[in-house]
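> Contents of data.cif (mmCIF, C-alpha atoms):
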data_start
loop_
_atom_site.label_atom_id
_atom_site.label_comp_id
_atom_site.auth_asym_id
_atom_site.auth_seq_id
_atom_site.Cartn_x
_atom_site.Cartn_y
_atom_site.Cartn_z
CA MET F 1307 -79.11 -82.45 163.21
CA LEU F 1308 -76.52 -79.80 162.29
CA CYS F 1309 -75.47 -77.54 165.12
CA GLU F 1310 -76.17 -74.32 163.24
CA HIS F 1311 -79.63 -75.54 162.33
CA ALA F 1312 -80.42 -76.48 165.92
CA ASN F 1313 -78.84 -73.36 167.33
CA SER F 1314 -80.95 -71.05 165.18
CA GLN F 1315 -84.10 -72.68 166.56
CA LEU F 1316 -83.19 -72.70 170.24
CA ILE F 1317 -85.52 -69.78 170.99
CA GLU F 1318 -88.47 -71.53 169.40
CA TYR F 1319 -87.44 -74.73 171.18
CA ALA F 1320 -87.38 -72.90 174.52
CA GLU F 1321 -90.78 -71.41 173.75
CA GLY F 1322 -92.13 -74.85 172.81
CA VAL F 1323 -93.58 -73.67 169.52
CA LEU F 1324 -91.91 -76.26 167.25
CA ASP F 1325 -93.60 -79.43 166.12
CA THR F 1326 -93.00 -82.56 168.22
CA ASN F 1327 -90.34 -84.07 165.95
CA SER F 1328 -88.31 -80.88 165.80
CA GLN F 1329 -88.56 -80.46 169.57
CA LEU F 1330 -87.18 -83.98 170.06
CA GLU F 1331 -84.40 -83.52 167.51
CA ILE F 1332 -83.19 -80.33 169.11
CA GLU F 1333 -83.48 -81.80 172.56
CA ARG F 1334 -81.17 -84.66 171.55
CA HIS F 1335 -78.74 -82.25 169.91
CA VAL F 1336 -78.58 -79.95 172.92
CA GLU F 1337 -77.73 -82.89 175.18
CA ASP F 1338 -74.54 -83.51 173.16
CA CYS F 1339 -73.51 -79.97 172.15
CA ASP F 1340 -71.75 -77.69 174.62
CA THR F 1341 -72.30 -74.52 172.55
CA CYS F 1342 -76.03 -75.09 172.20
CA GLN F 1343 -76.29 -76.08 175.86
CA SER F 1344 -74.68 -72.82 176.85
CA ASP F 1345 -76.88 -70.76 174.51
CA TYR F 1346 -79.98 -72.61 175.64
CA ALA F 1347 -79.10 -71.93 179.29
CA ALA F 1348 -78.69 -68.23 178.51
CA ILE F 1349 -82.07 -68.15 176.77
CA GLN F 1350 -83.74 -69.83 179.72
CA GLN F 1351 -82.02 -67.45 182.13
CA TRP F 1352 -83.39 -64.42 180.26
CA ARG F 1353 -86.84 -65.92 180.00
CA SER F 1354 -86.77 -66.51 183.73
CA MET F 1355 -85.52 -63.01 184.46
CA ALA F 1356 -88.19 -61.46 182.28
CA THR F 1357 -90.80 -63.41 184.22
CA ASN F 1358 -89.31 -62.24 187.51
CA TRP F 1359 -89.06 -58.59 186.52
CA HIS F 1360 -91.11 -56.66 189.04
CA GLN F 1361 -93.33 -54.20 187.21
CA GLU F 1362 -92.33 -50.66 188.14
CA SER F 1363 -95.05 -48.03 188.33
CA PRO F 1364 -94.66 -44.56 186.89
CA PRO F 1365 -94.96 -41.85 189.55
CA ALA F 1366 -98.57 -41.51 190.67
CA GLN F 1367 -98.84 -37.90 189.59
CA GLN F 1368 -97.69 -38.75 186.09
CA HIS F 1369 -100.43 -38.69 183.46
CA PHE F 1370 -99.48 -39.35 179.90
CA MET F 1371 -101.29 -36.98 177.59
CA PRO F 1372 -103.65 -35.93 180.39
CA VAL F 1373 -105.45 -33.35 178.27
CA ALA F 1374 -108.15 -35.28 176.54
CA HIS F 1375 -108.50 -34.72 172.84
CA SER F 1376 -112.04 -33.99 171.72
CA ASN F 1377 -111.60 -34.84 168.07
CA HIS F 1378 -108.65 -36.12 166.17
CA SER F 1379 -109.09 -33.82 163.21
CA ASN F 1380 -110.64 -30.70 164.71
CA TRP F 1381 -109.00 -27.29 164.79
CA TRP F 1382 -107.99 -27.55 168.46
CA GLY F 1383 -106.14 -30.79 167.87
CA THR F 1384 -104.41 -29.27 164.87
CA LEU F 1385 -103.48 -26.19 166.88
CA ARG F 1386 -102.09 -28.30 169.71
CA HIS F 1387 -100.14 -30.37 167.23
CA TRP F 1388 -98.59 -27.35 165.56
CA PHE F 1389 -98.29 -25.16 168.62
CA PRO F 1390 -94.55 -25.79 169.15
CA THR F 1391 -93.89 -24.81 165.56
CA PHE F 1392 -96.05 -21.70 165.85
CA ALA F 1393 -94.29 -20.77 169.07
CA SER F 1394 -90.87 -21.22 167.50
CA ALA F 1395 -91.87 -19.21 164.45
CA THR F 1396 -93.25 -16.42 166.62
CA ALA F 1397 -90.06 -16.36 168.69
CA LEU F 1398 -87.95 -16.16 165.56
CA VAL F 1399 -90.04 -13.36 164.12
CA LEU F 1400 -89.80 -11.44 167.40
CA VAL F 1401 -86.03 -11.87 167.54
CA THR F 1402 -85.76 -10.70 163.95
CA VAL F 1403 -87.97 -7.67 164.53
CA MET F 1404 -86.01 -6.76 167.66
CA TYR F 1405 -82.79 -7.09 165.71
CA VAL F 1406 -84.04 -4.91 162.88
CA GLN F 1407 -85.30 -2.32 165.34
CA GLN F 1408 -81.96 -2.27 167.10
CA THR F 1409 -80.01 -1.81 163.89
CA GLN F 1410 -82.36 0.95 162.76
CA SER F 1411 -82.01 2.81 166.01
CA SER F 1412 -78.28 2.52 166.37
CA GLY F 1413 -78.06 6.17 167.36
CA VAL F 1414 -75.99 7.12 164.37
CA LEU F 1415 -78.83 7.65 161.89
CA PRO F 1416 -82.29 9.16 162.50
CA SER F 1417 -84.64 6.54 163.87
CA ASN F 1418 -87.76 7.59 161.93
CA THR F 1419 -88.40 5.46 158.88
CA ALA F 1420 -89.65 8.26 156.62
CA ILE F 1421 -86.37 10.09 156.19
CA ASN F 1422 -86.52 13.48 154.51
CA TYR F 1423 -83.12 13.57 152.84
CA ASP F 1424 -83.40 17.26 152.03
CA SER F 1425 -83.47 18.05 155.72
CA LEU F 1426 -80.29 16.11 156.51
CA PRO F 1427 -77.15 18.18 157.12
CA LYS F 1428 -74.57 18.09 154.36
CA LEU F 1429 -71.59 16.29 155.86
CA PRO F 1430 -67.96 16.29 154.74
CA GLN F 1431 -66.90 13.14 152.92
CA ALA F 1432 -64.70 11.92 155.79
CA THR F 1433 -67.59 12.27 158.19
CA GLN F 1434 -69.89 10.34 155.84
CA ALA F 1435 -67.34 7.53 155.69
CA ALA F 1436 -67.07 7.51 159.47
CA VAL F 1437 -70.86 7.41 159.79
CA VAL F 1438 -71.22 4.48 157.41
CA ASP F 1439 -68.32 2.69 159.05
CA SER F 1440 -69.93 3.17 162.46
CA VAL F 1441 -73.29 1.90 161.21
CA LEU F 1442 -71.71 -1.16 159.68
CA LYS F 1443 -69.67 -1.96 162.76
CA THR F 1444 -72.56 -1.46 165.16
CA SER F 1445 -74.89 -3.49 163.00
CA ARG F 1446 -72.43 -6.31 162.59
CA ASP F 1447 -71.71 -6.51 166.31
CA GLN F 1448 -75.40 -6.60 167.08
CA ARG F 1449 -76.08 -9.15 164.39
CA GLN F 1450 -73.23 -11.32 165.60
CA ALA F 1451 -74.51 -11.26 169.18
CA GLU F 1452 -78.11 -11.87 168.09
CA LEU F 1453 -77.26 -14.69 165.76
CA SER F 1454 -74.97 -16.30 168.30
CA THR F 1455 -77.79 -16.32 170.86
CA LEU F 1456 -80.28 -17.49 168.26
CA LEU F 1457 -77.97 -20.32 167.26
CA LYS F 1458 -77.67 -21.55 170.84
CA ILE F 1459 -81.43 -21.42 171.40
CA LEU F 1460 -82.23 -23.17 168.17
CA THR F 1461 -79.61 -25.86 168.69
CA ALA F 1462 -81.16 -26.67 172.05
CA GLU F 1463 -84.66 -26.56 170.54
CA MET F 1464 -83.70 -28.80 167.64
CA ASN F 1465 -82.27 -31.37 170.03
CA ARG F 1466 -85.45 -31.37 172.08
CA ARG F 1467 -87.92 -31.62 169.26
CA SER F 1468 -89.22 -34.60 167.44
CA ALA F 1469 -88.46 -35.32 163.82
CA ASP F 1470 -91.88 -33.92 162.86
CA THR F 1471 -91.17 -30.43 164.12
CA GLU F 1472 -87.53 -30.46 163.07
CA ASN F 1473 -88.50 -30.12 159.43
CA SER F 1474 -90.67 -27.12 160.21
CA LEU F 1475 -87.86 -25.52 162.18
CA ARG F 1476 -85.43 -26.17 159.38
CA TYR F 1477 -87.74 -24.38 156.97
CA ILE F 1478 -88.08 -21.40 159.29
CA ILE F 1479 -84.35 -21.21 159.90
CA SER F 1480 -83.53 -21.48 156.20
CA THR F 1481 -85.95 -18.60 155.59
CA GLN F 1482 -84.12 -16.59 158.24
CA ILE F 1483 -80.79 -17.39 156.68
CA GLN F 1484 -82.09 -16.29 153.29
CA GLY F 1485 -83.17 -12.99 154.90
CA GLN F 1486 -79.71 -12.58 156.38
CA LYS F 1487 -78.12 -13.19 153.00
CA GLU F 1488 -80.25 -10.46 151.50
CA LEU F 1489 -79.15 -8.15 154.29
CA ASP F 1490 -75.56 -9.15 153.63
CA LEU F 1491 -76.01 -8.11 150.02
CA LEU F 1492 -77.15 -4.66 151.13
CA TYR F 1493 -74.23 -4.39 153.53
CA GLY F 1494 -71.95 -5.38 150.69
CA GLN F 1495 -73.29 -2.50 148.64
CA LEU F 1496 -72.66 -0.16 151.53
CA GLU F 1497 -69.11 -1.46 151.84
CA VAL F 1498 -68.49 -0.85 148.16
CA LEU F 1499 -69.86 2.64 148.57
CA LEU F 1500 -67.64 3.21 151.58
CA ALA F 1501 -64.61 2.15 149.59
CA ASN F 1502 -65.66 4.29 146.57
CA PRO F 1503 -67.57 7.33 147.87
CA GLU F 1504 -67.92 8.78 144.36
CA ASN F 1505 -69.83 5.76 143.10
CA THR F 1506 -73.46 6.54 143.90
CA ALA F 1507 -75.03 4.42 141.19
CA LEU F 1508 -75.32 1.50 143.60
CA LEU F 1509 -77.78 3.26 145.83
CA SER F 1510 -81.27 4.40 145.06
CA THR F 1511 -81.35 7.06 147.79
CA PRO F 1512 -80.99 10.77 146.96
CA ASP F 1513 -77.44 11.87 146.23
CA GLU F 1514 -77.40 14.60 148.85
CA GLY F 1515 -77.72 12.17 151.69
CA VAL F 1516 -74.73 10.03 150.97
CA SER F 1517 -72.37 11.22 148.28
CA GLN F 1518 -71.48 14.74 149.14
CA MET B 161 -119.37 -60.38 183.67
CA LEU B 162 -118.68 -57.62 181.18
CA ALA B 163 -116.41 -58.43 178.25
CA THR B 164 -113.24 -56.35 177.94
CA VAL B 165 -113.40 -53.82 175.14
CA THR B 166 -110.82 -54.66 172.50
CA ASP B 167 -107.94 -52.37 171.62
CA GLU B 168 -109.28 -51.98 168.10
CA THR B 169 -112.63 -50.79 169.42
CA LEU B 170 -110.95 -48.27 171.71
CA VAL B 171 -108.80 -47.01 168.86
CA SER B 172 -111.86 -46.57 166.63
CA ARG B 173 -113.68 -44.67 169.34
CA ALA B 174 -110.63 -42.55 170.11
CA ILE B 175 -110.27 -41.61 166.45
CA ALA B 176 -113.96 -40.69 166.43
CA GLY B 177 -113.29 -38.32 169.29
CA SER B 178 -113.92 -40.28 172.46
CA ASP B 179 -111.78 -38.94 175.30
CA SER B 180 -112.77 -41.85 177.46
CA ALA B 181 -111.56 -44.40 174.90
CA TRP B 182 -108.23 -42.63 174.53
CA ASN B 183 -107.72 -42.49 178.29
CA LYS B 184 -108.57 -46.18 178.61
CA LEU B 185 -106.07 -47.02 175.92
CA ILE B 186 -103.36 -45.11 177.76
CA LYS B 187 -104.30 -46.70 181.07
CA ARG B 188 -104.13 -50.13 179.49
CA TYR B 189 -100.60 -49.67 178.16
CA GLU B 190 -98.87 -46.97 180.20
CA LYS B 191 -97.27 -49.37 182.66
CA ARG B 192 -96.07 -51.70 179.94
CA VAL B 193 -94.58 -48.85 177.92
CA TYR B 194 -93.05 -47.25 181.01
CA ASN B 195 -91.32 -50.50 182.01
CA TYR B 196 -90.13 -50.97 178.44
CA ALA B 197 -88.71 -47.45 178.50
CA LEU B 198 -87.13 -48.01 181.91
CA ARG B 199 -85.28 -51.10 180.74
CA MET B 200 -84.22 -49.38 177.53
CA VAL B 201 -82.91 -46.13 179.04
CA GLY B 202 -82.17 -47.17 182.64
CA HIS B 203 -83.41 -44.03 184.40
CA PRO B 204 -86.92 -43.26 185.68
CA GLN B 205 -86.94 -39.66 184.53
CA ASP B 206 -85.71 -40.57 181.07
CA ALA B 207 -88.23 -43.40 181.01
CA LEU B 208 -91.03 -40.95 181.82
CA ASP B 209 -89.90 -38.60 179.08
CA MET B 210 -89.71 -41.42 176.60
CA THR B 211 -93.11 -42.82 177.61
CA GLN B 212 -94.61 -39.40 177.10
CA GLU B 213 -93.05 -39.21 173.64
CA VAL B 214 -94.34 -42.67 172.76
CA PHE B 215 -97.92 -41.76 173.66
CA MET B 216 -97.64 -38.47 171.82
CA GLY B 217 -96.49 -40.43 168.79
CA VAL B 218 -99.37 -42.87 169.19
CA HIS B 219 -101.83 -40.01 169.54
CA ARG B 220 -100.49 -38.31 166.45
CA ASN B 221 -100.57 -41.46 164.34
CA LEU B 222 -103.71 -43.05 165.73
CA ALA B 223 -105.63 -42.50 162.52
CA GLY B 224 -102.89 -44.46 160.72
CA PHE B 225 -103.60 -47.64 162.67
CA ARG B 226 -105.39 -49.75 160.10
CA GLY B 227 -106.23 -52.62 162.39
CA ASP B 228 -104.60 -55.19 160.11
CA GLY B 229 -102.34 -56.29 162.95
CA ALA B 230 -102.41 -56.37 166.72
CA PHE B 231 -102.39 -52.99 168.42
CA PRO B 232 -99.44 -53.83 170.74
CA ALA B 233 -97.24 -54.63 167.73
CA TRP B 234 -98.18 -51.31 166.18
CA LEU B 235 -97.67 -49.49 169.49
CA PHE B 236 -94.21 -50.98 169.95
CA ARG B 237 -93.24 -50.08 166.42
CA ILE B 238 -93.76 -46.46 167.43
CA ALA B 239 -92.07 -47.11 170.78
CA SER B 240 -89.01 -48.61 169.06
CA TYR B 241 -88.75 -45.64 166.73
CA ARG B 242 -89.12 -43.17 169.59
CA CYS B 243 -86.62 -45.09 171.68
CA THR B 244 -83.99 -45.05 168.93
CA ASP B 245 -84.60 -41.34 168.38
CA TYR B 246 -84.48 -40.60 172.12
CA LEU B 247 -81.24 -42.50 172.70
CA ARG B 248 -79.66 -40.89 169.62
CA ARG B 249 -80.43 -37.44 171.00
CA ARG B 250 -79.15 -38.43 174.43
CA ARG B 251 -75.94 -39.74 172.88
CA ASN B 252 -75.52 -36.46 171.00
CA HIS B 253 -75.87 -34.53 174.26
CA GLN B 254 -73.35 -36.83 175.92
CA GLN B 255 -70.87 -36.36 173.09
CA PHE B 256 -71.39 -32.60 173.35
CA ASP B 257 -70.60 -32.77 177.08
CA ASP B 258 -67.62 -35.09 176.58
CA GLU B 259 -66.08 -32.89 173.91
CA ARG B 260 -66.28 -29.89 176.20
CA GLY B 261 -65.04 -31.71 179.27
CA PHE B 262 -68.35 -31.45 181.13
CA ILE B 263 -69.10 -34.05 183.75
CA SER B 264 -71.55 -36.50 182.28
CA ASN B 265 -74.98 -36.54 183.90
CA LEU B 266 -75.62 -40.07 182.72
CA PRO B 267 -74.22 -42.50 185.30
CA GLY B 268 -75.34 -46.13 185.35
CA PRO B 269 -78.83 -46.97 186.58
CA GLN B 270 -79.21 -46.04 190.24
CA GLU B 271 -80.34 -48.86 192.51
CA GLN B 272 -82.77 -46.69 194.49
CA ALA B 273 -84.64 -46.02 191.27
CA PHE B 274 -85.84 -49.62 191.19
CA THR B 275 -88.14 -51.46 193.54
CA THR B 276 -86.03 -54.63 193.54
CA HIS B 277 -82.34 -55.42 193.41
CA ALA B 278 -82.96 -57.81 190.52
CA ASN B 279 -84.61 -55.07 188.47
CA HIS B 280 -81.57 -52.88 188.98
CA GLN B 281 -79.21 -55.67 187.92
CA ILE B 282 -81.25 -56.50 184.84
CA SER B 283 -81.33 -52.86 183.84
CA THR B 284 -77.59 -52.51 184.40
CA ALA B 285 -76.91 -55.59 182.30
CA LEU B 286 -79.11 -54.35 179.47
CA GLN B 287 -77.27 -51.04 179.41
CA GLN B 288 -74.12 -52.96 178.45
CA LEU B 289 -75.64 -53.82 175.09
CA PRO B 290 -75.72 -51.70 171.95
CA VAL B 291 -79.17 -50.22 171.45
CA GLU B 292 -79.94 -52.48 168.46
CA GLN B 293 -79.29 -55.64 170.50
CA ARG B 294 -81.01 -54.27 173.61
CA GLN B 295 -84.17 -53.64 171.62
CA VAL B 296 -84.31 -57.21 170.35
CA VAL B 297 -83.74 -58.68 173.83
CA GLU B 298 -86.47 -56.42 175.18
CA LEU B 299 -89.00 -57.16 172.46
CA LYS B 300 -88.36 -60.92 172.55
CA PHE B 301 -88.07 -61.75 176.23
CA PHE B 302 -90.04 -58.98 177.90
CA GLN B 303 -92.67 -58.24 175.25
CA HIS B 304 -92.88 -61.78 173.82
CA PHE B 305 -93.11 -60.76 170.19
CA THR B 306 -92.28 -63.13 167.35
CA PHE B 307 -89.20 -62.48 165.24
CA GLU B 308 -91.54 -61.45 162.41
CA ASP B 309 -93.14 -58.83 164.66
CA ILE B 310 -89.76 -57.61 165.87
CA ALA B 311 -88.50 -57.40 162.31
CA GLY B 312 -91.53 -55.27 161.38
CA GLN B 313 -91.04 -53.01 164.38
CA LEU B 314 -87.35 -52.41 163.76
CA GLY B 315 -87.38 -52.42 159.98
CA ILE B 316 -85.01 -55.40 159.69
CA SER B 317 -85.34 -59.00 158.56
CA PRO B 318 -86.36 -61.77 161.00
CA ASN B 319 -82.95 -63.40 160.54
CA THR B 320 -81.18 -60.16 161.46
CA ALA B 321 -83.37 -59.90 164.54
CA LYS B 322 -82.43 -63.43 165.54
CA THR B 323 -78.73 -62.81 164.92
CA ARG B 324 -78.84 -59.71 167.11
CA LEU B 325 -80.51 -61.67 169.87
CA TYR B 326 -77.87 -64.40 169.88
CA SER B 327 -75.07 -61.82 169.80
CA ALA B 328 -76.65 -60.11 172.79
CA LEU B 329 -77.05 -63.35 174.72
CA ARG B 330 -73.41 -64.30 174.23
CA LYS B 331 -72.31 -60.86 175.31
CA LEU B 332 -74.48 -60.93 178.39
CA LYS B 333 -73.51 -64.43 179.47
CA GLN B 334 -70.30 -63.18 181.02
CA HIS B 335 -71.83 -60.20 182.74
CA GLU B 336 -71.21 -60.31 186.46
CA GLU B 337 -74.28 -58.33 187.42
CA LEU B 338 -76.37 -60.74 185.47
CA ARG B 339 -74.90 -63.80 187.15
CA ASP B 340 -75.74 -62.28 190.52
CA ALA B 341 -79.30 -61.69 189.45
CA LEU B 342 -79.91 -65.32 188.54
#
Please, can you express the file's structure as structure tokens?

Amino acid sequence: MLCEHANSQLIEYAEGVLDTNSQLEIERHVEDCDTCQSDYAAIQQWRSMATNWHQESPPAQQHFMPVAHSNHSNWWGTLRHWFPTFASATALVLVTVMYVQQTQSSGVLPSNTAINYDSLPKLPQATQAAVVDSVLKTSRDQRQAELSTLLKILTAEMNRRSADTENSLRYIISTQIQGQKELDLLYGQLEVLLANPENTALLSTPDEGVSQ
Amino acid sequence: MLATVTDETLVSRAIAGSDSAWNKLIKRYEKRVYNYALRMVGHPQDALDMTQEVFMGVHRNLAGFRGDGAFPAWLFRIASYRCTDYLRRRRNHQQFDDERGFISNLPGPQEQAFTTHANHQISTALQQLPVEQRQVVELKFFQHFTFEDIAGQLGISPNTAKTRLYSALRKLKQHEELRDAL
């Protein structure tokens, strides 16, 4: 019998699952082959060690999936399955809302959303530029800090989660990034306006509020 | 004497909504999966985490068990996938720590974590192997699966499974800890 043929069947030989003739052939080969003898000894050692492994017990207080599931397809099971994703989505929405609130109430512009532009004071052009510059800088600093924190949290979350929830998180994050890009576009328009105060065509707000 | 309820019956009942069947299924396999996890990852806490993930995976995919094969083979297919995923994430954390000069929190298996000296030595020896080889050694010698089963669980061919086993055996032959354990 060729060595490579015998060697590839040493496991089956050790397990005694070959037919009688094959068992005898390999037995004779192993007696004369140092390599197969050595491999066979290693196999037997591991089989012996596996037999002698003392079964360890998980800590007594440990219960795997202790909350019994009442039905595999009911709403509660579905909710439990998707809860981490819902929680992550909620956290992201909250962070986003907080961020938007912070940028809206930066202290430079009025905080109420329904701005009456007619009631705003007419500012000199240099002051307008300073105001816009201040808004942009404040917003960017806040966004940078928020996104930096968000990135750390999400990186840790992504590492903890299973592949199933990773896809959901990726979708949520990509939606957030898309939102940020849209905000970037608006900031870009403000930057252009800051650089060219006479150009008011880019904004849809009343002229009095920004261009005078 | 009452006959033992088969795994397939318990799975069917669990899918139908039986809490009792699900709990019995866990009870039947928790020790086996925990010991598998312990040999694969080397640390009790990690083994607990991994065992939890395995049973969560089983729970989530229970309806996908078609009963065309033995339940343990199906269970360990999920366990193998979870194990690979778990060790990949752990390796990523370790690389993150290494790159930033943090002290690694992943020393070798601690002897006090095992009930016997031999268990500790076996675990230490297994940690010397690449994950792919360790899985085959585990599934062959400790779980007693055929190479066909192992191939199905790991998504490889039976010949590849066998090659990995022999490579692992030759690597482990020279391991001092292992010689002491014999």
> Show me, as a tab-separated table (two decimals) with C-alpha atoms, in the frame of the given file, every residue of chain B with an atom at most 9 Å from chain F, counting only C-alpha atoms.

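Generated output (selection_19.tsv):
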chain	number	residue	atom	x	y	z
B	174	ALA	CA	-110.63	-42.55	170.11
B	175	ILE	CA	-110.27	-41.61	166.45
B	176	ALA	CA	-113.96	-40.69	166.43
B	177	GLY	CA	-113.29	-38.32	169.29
B	178	SER	CA	-113.92	-40.28	172.46
B	179	ASP	CA	-111.78	-38.94	175.30
B	180	SER	CA	-112.77	-41.85	177.46
B	182	TRP	CA	-108.23	-42.63	174.53
B	183	ASN	CA	-107.72	-42.49	178.29
B	186	ILE	CA	-103.36	-45.11	177.76
B	187	LYS	CA	-104.30	-46.70	181.07
B	190	GLU	CA	-98.87	-46.97	180.20
B	191	LYS	CA	-97.27	-49.37	182.66
B	192	ARG	CA	-96.07	-51.70	179.94
B	194	TYR	CA	-93.05	-47.25	181.01
B	195	ASN	CA	-91.32	-50.50	182.01
B	198	LEU	CA	-87.13	-48.01	181.91
B	204	PRO	CA	-86.92	-43.26	185.68
B	207	ALA	CA	-88.23	-43.40	181.01
B	208	LEU	CA	-91.03	-40.95	181.82
B	211	THR	CA	-93.11	-42.82	177.61
B	212	GLN	CA	-94.61	-39.40	177.10
B	213	GLU	CA	-93.05	-39.21	173.64
B	215	PHE	CA	-97.92	-41.76	173.66
B	216	MET	CA	-97.64	-38.47	171.82
B	219	HIS	CA	-101.83	-40.01	169.54
B	220	ARG	CA	-100.49	-38.31	166.45
B	222	LEU	CA	-103.71	-43.05	165.73
B	223	ALA	CA	-105.63	-42.50	162.52
B	242	ARG	CA	-89.12	-43.17	169.59
B	245	ASP	CA	-84.60	-41.34	168.38
B	246	TYR	CA	-84.48	-40.60	172.12
B	249	ARG	CA	-80.43	-37.44	171.00
B	250	ARG	CA	-79.15	-38.43	174.43
B	252	ASN	CA	-75.52	-36.46	171.00
B	253	HIS	CA	-75.87	-34.53	174.26
B	274	PHE	CA	-85.84	-49.62	191.19
B	275	THR	CA	-88.14	-51.46	193.54
B	276	THR	CA	-86.03	-54.63	193.54
B	278	ALA	CA	-82.96	-57.81	190.52
B	279	ASN	CA	-84.61	-55.07	188.47
B	282	ILE	CA	-81.25	-56.50	184.84
B	297	VAL	CA	-83.74	-58.68	173.83
B	298	GLU	CA	-86.47	-56.42	175.18
B	301	PHE	CA	-88.07	-61.75	176.23
B	302	PHE	CA	-90.04	-58.98	177.90
B	303	GLN	CA	-92.67	-58.24	175.25
B	322	LYS	CA	-82.43	-63.43	165.54
B	323	THR	CA	-78.73	-62.81	164.92
B	326	TYR	CA	-77.87	-64.40	169.88
B	329	LEU	CA	-77.05	-63.35	174.72
B	330	ARG	CA	-73.41	-64.30	174.23
B	332	LEU	CA	-74.48	-60.93	178.39
B	333	LYS	CA	-73.51	-64.43	179.47
B	341	ALA	CA	-79.30	-61.69	189.45
B	342	LEU	CA	-79.91	-65.32	188.54
> Quick one: residues within 9 Å of segment 1481-1488 of chain F, all atoms listed in the file counted, chain neighbours fewer than 4 positions away excluded, as a list in words?
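The residues satisfying every condition are Leu1398, Val1399, Thr1402, Arg1476, Tyr1477, Leu1492 and Tyr1493 of chain F.
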> On this structure, which residues satisfy the PyMOL selection byres ((chain B and resi 200) around 10), written as a list in words?
Tyr194, Asn195, Tyr196, Ala197, Leu198, Arg199, Val201, Gly202, His203, Asp206, Ala207, Met210, Ser240, Cys243, Thr244, Leu247, Ser283, Leu286, Gln287, Leu289, Val291, Arg294, Gln295 and Glu298 of chain B
> So the first atom is atom CA of Ala1312 of chain F and the second is atom CA of Asp1325 of chain F; what is the distance between them in Å, to one decimal place?
13.5 Å
> Report, in Å to a single decimal, how far apart atom CA of Cys1342 of chain F and atom CA of Ala311 of chain B are.
23.8 Å
> Excluding Ile310 of chain B and residues on its chain fewer than 6 positions from it, collect all residues at most 9 Å away from it, counting only C-alpha atoms, and give them as a list in words.
Ala233, Phe236, Arg237, Gln295, Val296, Leu299, Lys300, Ile316, Ser317, Pro318 and Ala321 of chain B
> Would you work out the distance separating atom CA of Arg1446 of chain F from atom CA of Gln1495 of chain F, expressed in Å to one decimal?
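Atom CA of Gln1495 of chain F lies 14.5 Å from atom CA of Arg1446 of chain F.
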> Looking at all atoms listed in the file, which of F:Val1498, F:Cys1309, F:Ala1320, F:Val1336 is the one that sits closest to Asp1439 of chain F?
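Checking each candidate against Asp1439 of chain F, we get F:Val1498 as the closest.
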> Check what the PyMOL selection byres ((chain F and resi 1332) around 8) selects in the file above and give those residues as a list in words.
Met1307, Ala1312, Leu1316, Tyr1319, Ser1328, Gln1329, Leu1330, Glu1331, Glu1333, Arg1334, His1335 and Val1336 of chain F
> Listed atoms of segment 229-243 of chain B, axis-aligned box, 5 Å per side: centre and edge lengths to one decimal in Å, as lines of an AutoDock Vina configuration file?

center_x = -94.5
center_y = -49.8
center_z = 167.3
size_x = 25.8
size_y = 23.2
size_z = 18.7
> Within 8 Å of (-97.0, -55.8, 163.7) (coordinates as in the file), grab all the protein and nucleic acid residues, counting only C-alpha atoms, and write them out as a list in words.
Gly229, Ala230, Phe231, Pro232, Ala233, Trp234, Arg237, Glu308, Asp309, Ile310, Gly312 and Gln313 of chain B
> N, CA and C atoms are what I want for segment 1347-1356 of chain F; can you complete it accordingly and write them as a short mmCIF file (atom, residue, chain, number, x, y, z; two decimals), in the frame of the given file?

data_model
loop_
_atom_site.label_atom_id
_atom_site.label_comp_id
_atom_site.auth_asym_id
_atom_site.auth_seq_id
_atom_site.Cartn_x
_atom_site.Cartn_y
_atom_site.Cartn_z
N ALA F 1347 -79.05 -72.36 177.87
CA ALA F 1347 -79.10 -71.93 179.29
C ALA F 1347 -79.28 -70.42 179.38
N ALA F 1348 -78.56 -69.70 178.50
CA ALA F 1348 -78.69 -68.23 178.51
C ALA F 1348 -80.11 -67.80 178.15
N ILE F 1349 -80.68 -68.47 177.17
CA ILE F 1349 -82.07 -68.15 176.77
C ILE F 1349 -83.01 -68.39 177.94
N GLN F 1350 -82.85 -69.52 178.59
CA GLN F 1350 -83.74 -69.83 179.72
C GLN F 1350 -83.55 -68.84 180.87
N GLN F 1351 -82.29 -68.43 181.07
CA GLN F 1351 -82.02 -67.45 182.13
C GLN F 1351 -82.78 -66.15 181.85
N TRP F 1352 -82.71 -65.68 180.61
CA TRP F 1352 -83.39 -64.42 180.26
C TRP F 1352 -84.90 -64.55 180.32
N ARG F 1353 -85.39 -65.70 179.91
CA ARG F 1353 -86.84 -65.92 180.00
C ARG F 1353 -87.29 -65.88 181.45
N SER F 1354 -86.45 -66.48 182.30
CA SER F 1354 -86.77 -66.51 183.73
C SER F 1354 -86.70 -65.10 184.32
N MET F 1355 -85.67 -64.37 183.93
CA MET F 1355 -85.52 -63.01 184.46
C MET F 1355 -86.66 -62.10 184.02
N ALA F 1356 -87.07 -62.29 182.77
CA ALA F 1356 -88.19 -61.46 182.28
C ALA F 1356 -89.45 -61.76 183.08
#
